[in-house]
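Report on one structure; see the data block that follows.
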Amino acid sequence: MAHRFEKLVAEYGPVISLREGSQVIIVIGRMDAAAEIMEKEGGALVDRPRSIALGEIMSGGMRMIMMSGGERFRRLRKAMHAHLQPKAAVEYQDMQSDAGKEVILDILNDPKNHVRHVQRYAASVILRVTYGKSTPTSNDDPEVVRLQEEFKHIQAVVVPGTFLVDRIPFLRYVPGYGRVLREYHEFELSLFRDQLARVTDDMSKGEAGPSFGRRLLENIHEHRLSGDEMAYLCGALFTAGTDTTAVGITTLILTAACHPEAQARVQEEIDAVVGKDRAPTFEDWNQLPQLQAFISEALRWRPAAPVGFAHRATKDIIWRGQCIPAGATVYGCHWAISRDPIAFPDPERFDPQRWLDPNGELRTDIHFYAYGFGRRVCPGLHVANRSLYINLALLMWSFRILERPDAPIDVNGFTAAVVSRAPPFEADFVPRMEEKKLREIMENTHYIG
Ligand code: HEM
């Protein structure tokens, strides 16, 4: 789907308009247009298109990612920002680092299943960030089983067209209609409530580590959120942050596997800054511009959310004499934008150096919207960036250690384990769930110019 959008953008221009029935769909496919529309007009694009099955019935109107702008959205978003902004994200670094060391060992031990290991890492980190230290870790844990069930529900409902109510809204008032969606709602609400109750319990026993849930509960009066809104807000982190983080890390791994020369530059930098006597930490971050450039370029080269997320125009937006009508669904298509040949010359080429100036410093005049746009930009981006950083740093570093069998073997307990592991993995490609979502819309869509 994202590739088709890119072809249309290359052929017809930076902003294209499609139609599905009476619904206008606008796709933004170049950097300038994204800055001028998705960012500058962010206030008029804060809404999401209405989602009755998933957003209203199954989520009781409390799932942030499906929610339109408005008073509830502002309260939730403010609370989310307060406990995920850069300073808050620092609190979660230790958990990310610990989990990163575990997953790197799993990958080196069992490289063929690297995607599965990374998925487990992502789920485990988000649970730790959201609910703190007493999160479950085993796959048989009843909570993990409930979470897997929850994911299946979402996957079933998120596919467009599964529930007719999204096309024929009055169906929701037909007695008996949507019973399964209401059951799913009860299921997830009770799961989210139980998870947050555990944090309350940990807090009362004085055993709660830093977590997003704990910070919400501690600031309950300031945030003016109901118990269920808080429970859903925590649940939202898991559903919005797990798959995306897993795709992001897997993309880094595969990109490194495909580009040994770029990998070598990162490793040289790690050799110089970290050396072989200790594992990389978050303190090295600012000394590793090659590694940061590699991450930025990988997020551009293979964006984790290629199609982008749907926004909805709340008023007419005039852009260079053309009108994006109120009510239109608007996508900033990350894939097409990442192929902008002016912003990113030779865009198919994976070239981390484009993010660096001649002195090897990170450039401040280049940007890509890997985390979305305007008032809906991903609130988890600081946590996500930290996961990407620590995983890539640990992986690159561990490969260097592997090349030196005489390397110190007892540093952090990690080096010891790494030294005996097999070298790199085979690459296969990551399925991108996002691609599925729009397929049906596109099949019924006709280009109108
Ligand atoms: C590499 C990892 C990630 C990527 C690439 C990513 C990307 C995105 C994108 C593109 C959006 C939609 C922005 C828009 O509508 O324009 C989004 C929304 C969101 N993300 Fe992330 N994300 C990542 C990780 C995370 C993490 C770790 C969390 C939580 C800790 C998170 C929480 C959310 C939430 C709650 C939303 C919905 C925001 C809203 O609708 O207002 N994401 N993300």
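Residues are named by chain letter and number: chains run A, B, ... in the order of the structure tokens, numbers start at 1 in each chain, and ligands are numbered from 1 in the order shown.
With the cut-off set to 6 Å and only C-alpha atoms and all ligand atoms counted, the residues surrounding ligand 1 are A:Met64, A:Ile65, A:Ala236, A:Leu237, A:Ala240, A:Gly241, A:Thr244, A:Thr245, A:Gly248, A:Ala304, A:Ala305, A:Gly308, A:Phe309, A:Ala370, A:Tyr371, A:Gly372, A:Phe373, A:Arg376, A:Val377, A:Cys378, A:Pro379, A:Gly380, A:Leu381, A:Val383, A:Ala384.
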Selection: 12 Å around Glu218 in chain A, only C-alpha atoms, excl. self and same-chain fewer than 6 positions, as JSON, numbers by chain: {"A": [79, 83, 199, 200, 203, 204, 208, 210, 211, 212, 224, 225, 230]}
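For Tyr331 in chain A, the non-local neighbours within 7 Å, defined as residues at least 5 positions apart in the same chain or in other chains and counting only C-alpha atoms, are Ile26, Val27, Ile28, Gly308, Phe309, Ala310 and His311 of chain A.
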File of the preceding selection, N, CA and C atoms, as a short mmCIF file (atom, residue, chain, number, x, y, z; two decimals), in the first residue's frame:
data_model
loop_
_atom_site.label_atom_id
_atom_site.label_comp_id
_atom_site.auth_asym_id
_atom_site.auth_seq_id
_atom_site.Cartn_x
_atom_site.Cartn_y
_atom_site.Cartn_z
N ILE A 26 -6.71 11.96 1.64
CA ILE A 26 -5.58 12.76 1.15
C ILE A 26 -4.29 12.08 1.61
N VAL A 27 -3.34 11.95 0.69
CA VAL A 27 -2.05 11.36 1.06
C VAL A 27 -0.96 12.41 0.83
N ILE A 28 -0.20 12.66 1.88
CA ILE A 28 0.92 13.61 1.78
C ILE A 28 2.19 12.79 1.59
N GLY A 308 1.60 5.33 7.63
CA GLY A 308 1.26 6.42 8.56
C GLY A 308 -0.10 6.16 9.19
N PHE A 309 -0.46 7.00 10.12
CA PHE A 309 -1.75 6.84 10.81
C PHE A 309 -2.73 7.88 10.27
N ALA A 310 -4.00 7.51 10.30
CA ALA A 310 -5.01 8.41 9.73
C ALA A 310 -5.30 9.58 10.66
N HIS A 311 -5.28 10.79 10.09
CA HIS A 311 -5.75 11.99 10.79
C HIS A 311 -7.04 12.42 10.08
#
Give me, as a list in words, all polymer residues having an atom no more than 6 Å from range 261-275 of chain A, counting only C-alpha atoms and skipping those fewer than 6 positions away in the same chain. Gln290, Leu291 and Met396 of chain A
With C-alpha atoms retained, export the selected residues as a short mmCIF file (atom, residue, chain, number, x, y, z; two decimals), in the first residue's frame.
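Output file result31.cif is given in full below:
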data_model
loop_
_atom_site.label_atom_id
_atom_site.label_comp_id
_atom_site.auth_asym_id
_atom_site.auth_seq_id
_atom_site.Cartn_x
_atom_site.Cartn_y
_atom_site.Cartn_z
CA GLN A 290 27.59 7.37 13.84
CA LEU A 291 25.25 5.12 15.74
CA MET A 396 27.22 -3.90 17.52
#
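For Lys78 in chain A, the residues within 12 Å (counting only C-alpha atoms, excluding itself and residues fewer than 2 positions away along the chain) are Met64, Glu71, Arg72, Phe73, Arg74, Arg75, Leu76, Met80, His81, Ala82, His83, Leu84, Gln85, Leu216, Asn219, Glu222, His223, Arg224, Leu225, Leu233, Arg375, Arg376 and Pro379 of chain A.
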Kindly save the residues from that selection, with C-alpha atoms included, as a PDB file, in the first residue's frame.
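Result file is result.pdb:
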ATOM      1  CA  MET A  64      -6.055   7.181  22.731  1.00  0.00           C
ATOM      2  CA  GLU A  71     -11.520  17.549  26.157  1.00  0.00           C
ATOM      3  CA  ARG A  72     -10.866  13.898  27.076  1.00  0.00           C
ATOM      4  CA  PHE A  73      -8.107  13.590  24.470  1.00  0.00           C
ATOM      5  CA  ARG A  74      -6.364  16.699  25.831  1.00  0.00           C
ATOM      6  CA  ARG A  75      -6.454  15.418  29.427  1.00  0.00           C
ATOM      7  CA  LEU A  76      -5.141  11.985  28.434  1.00  0.00           C
ATOM      8  CA  MET A  80       0.821  10.753  28.839  1.00  0.00           C
ATOM      9  CA  HIS A  81       3.260  13.459  27.843  1.00  0.00           C
ATOM     10  CA  ALA A  82       4.068  14.309  31.476  1.00  0.00           C
ATOM     11  CA  HIS A  83       5.315  10.779  32.142  1.00  0.00           C
ATOM     12  CA  LEU A  84       6.949   9.960  28.811  1.00  0.00           C
ATOM     13  CA  GLN A  85       8.790  13.212  28.028  1.00  0.00           C
ATOM     14  CA  LEU A 216      -0.169   8.531  36.952  1.00  0.00           C
ATOM     15  CA  ASN A 219      -0.496  12.657  40.208  1.00  0.00           C
ATOM     16  CA  GLU A 222      -3.449  16.991  38.716  1.00  0.00           C
ATOM     17  CA  HIS A 223      -4.428  14.787  35.764  1.00  0.00           C
ATOM     18  CA  ARG A 224      -8.176  14.622  36.544  1.00  0.00           C
ATOM     19  CA  LEU A 225      -8.504  11.135  35.079  1.00  0.00           C
ATOM     20  CA  LEU A 233      -4.024   4.973  29.174  1.00  0.00           C
ATOM     21  CA  ARG A 375      -0.431  17.074  17.906  1.00  0.00           C
ATOM     22  CA  ARG A 376      -0.628  13.318  17.368  1.00  0.00           C
ATOM     23  CA  PRO A 379       4.180  10.304  22.739  1.00  0.00           C
TER      24      PRO A 379
END
Kindly give the distance, in Å, that separates CA of His117 in chain A and CA of Glu150 in chain A, rounded to a single decimal. 19.9 Å
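Compared by their closest atoms to Thr239 in chain A, and using only C-alpha atoms, the residues A:Ser17, A:Ser68, A:Gln155, A:Gln353 rank with A:Gln155 nearest.
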Would you mind writing down, as a PyMOL selection string, each residue of range 264-435 of chain A that DSSP on the backbone assigns to alpha helix (DSSP H)? chain A and resi 264-273+289-301+334-338+381-402+414-419+433-435
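These are the residues of range 166-392 of chain A assigned strand (DSSP E or B) by DSSP from backbone coordinates: Ala310, His311, Arg312, Ile317, Ile318, Trp319, Gln322, Cys323, Ile324, Thr329, Val330, Tyr331, Gly332, Leu356 and Leu362 of chain A.
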Write the selection just made, keeping C-alpha atoms, as a PDB file, in the first residue's frame?
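Written out: selection-v3.pdb:
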ATOM      1  CA  ALA A 310      -5.010   8.409   9.730  1.00  0.00           C
ATOM      2  CA  HIS A 311      -5.746  11.988  10.789  1.00  0.00           C
ATOM      3  CA  ARG A 312      -9.008  13.801  10.055  1.00  0.00           C
ATOM      4  CA  ILE A 317      -7.127  23.472   4.838  1.00  0.00           C
ATOM      5  CA  ILE A 318      -5.877  25.526   1.931  1.00  0.00           C
ATOM      6  CA  TRP A 319      -2.456  24.474   0.719  1.00  0.00           C
ATOM      7  CA  GLN A 322      -5.689  23.602  -3.202  1.00  0.00           C
ATOM      8  CA  CYS A 323      -8.293  22.627  -0.634  1.00  0.00           C
ATOM      9  CA  ILE A 324      -8.170  19.670   1.721  1.00  0.00           C
ATOM     10  CA  THR A 329      -8.959  11.490   6.061  1.00  0.00           C
ATOM     11  CA  VAL A 330      -5.331  12.605   5.831  1.00  0.00           C
ATOM     12  CA  TYR A 331      -2.279  10.345   5.823  1.00  0.00           C
ATOM     13  CA  GLY A 332       1.274  11.588   6.087  1.00  0.00           C
ATOM     14  CA  LEU A 356      26.257  14.005   9.672  1.00  0.00           C
ATOM     15  CA  LEU A 362      24.842  15.269  13.763  1.00  0.00           C
TER      16      LEU A 362
END
Please provide as an MDAnalysis selection string all residues within 10 Å of His153 in chain A, with the sequence filter that same-chain residues fewer than 2 positions apart are discarded (counting only C-alpha atoms). chainID A and resid 54 58 147:151 155:158 180:181 184:185 187:188
Export of the given selection (C-alpha atoms) as a tab-separated table (two decimals), in the first residue's frame:
chain	number	residue	atom	x	y	z
A	54	LEU	CA	-12.66	-0.45	17.75
A	58	MET	CA	-14.53	-2.07	22.01
A	147	LEU	CA	-2.39	-10.05	26.90
A	148	GLN	CA	-1.97	-12.43	23.99
A	149	GLU	CA	-5.74	-12.89	23.91
A	150	GLU	CA	-6.15	-9.12	23.98
A	151	PHE	CA	-3.83	-8.75	20.99
A	155	GLN	CA	-6.05	-7.82	15.35
A	156	ALA	CA	-9.50	-9.17	14.59
A	157	VAL	CA	-11.21	-5.81	14.98
A	158	VAL	CA	-8.62	-3.51	13.41
A	180	VAL	CA	-18.56	-9.62	20.66
A	181	LEU	CA	-17.15	-6.08	20.71
A	184	TYR	CA	-13.90	-7.65	24.13
A	185	HIS	CA	-14.36	-4.32	25.90
A	187	PHE	CA	-12.19	-8.33	28.71
A	188	GLU	CA	-9.66	-5.57	28.13
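Nearest-residue note for Glu348 in chain A: choosing from A:Ile37, A:Ile366, A:Ala298, A:Ala246, the minimum distance belongs to A:Ala298, counting only C-alpha atoms.
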Calculated over only C-alpha atoms, which of the candidates A:His382, A:Arg363, A:Lys7, A:Arg50 has the smallest distance to Ala88 in chain A? A:His382
Excluding Pro345 in chain A and its own-chain neighbours fewer than 5 positions away, which residues fall within 12 Å of it when counting only C-alpha atoms? Please give them as a list in words. Ser338, Arg339, Asp340, Phe350, Asp351, Gln353, Arg354, Trp355 and Ile366 of chain A
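Between CA of Ala123 in chain A and CA of Phe238 in chain A there is a distance of 7.2 Å.
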Between CA of Val145 in chain A and CA of Val118 in chain A, what is the spacing in Å? 18.2 Å
Give me the range 200-295 of chain A side of the contact with range 94-105 of chain A, cut-off 10 Å, one line per residue showing its nearest atom pair and distance in Å at one decimal, counting only C-alpha atoms, sorted by chain and residue number, as a tab-separated table.
residue	atom	partner	partner_atom	distance
A:Pro210	CA	A:Met95	CA	9.8
A:Ala279	CA	A:Lys101	CA	9.2
A:Pro280	CA	A:Ser97	CA	9.3
A:Thr281	CA	A:Ser97	CA	7.5
A:Phe282	CA	A:Ser97	CA	8.2
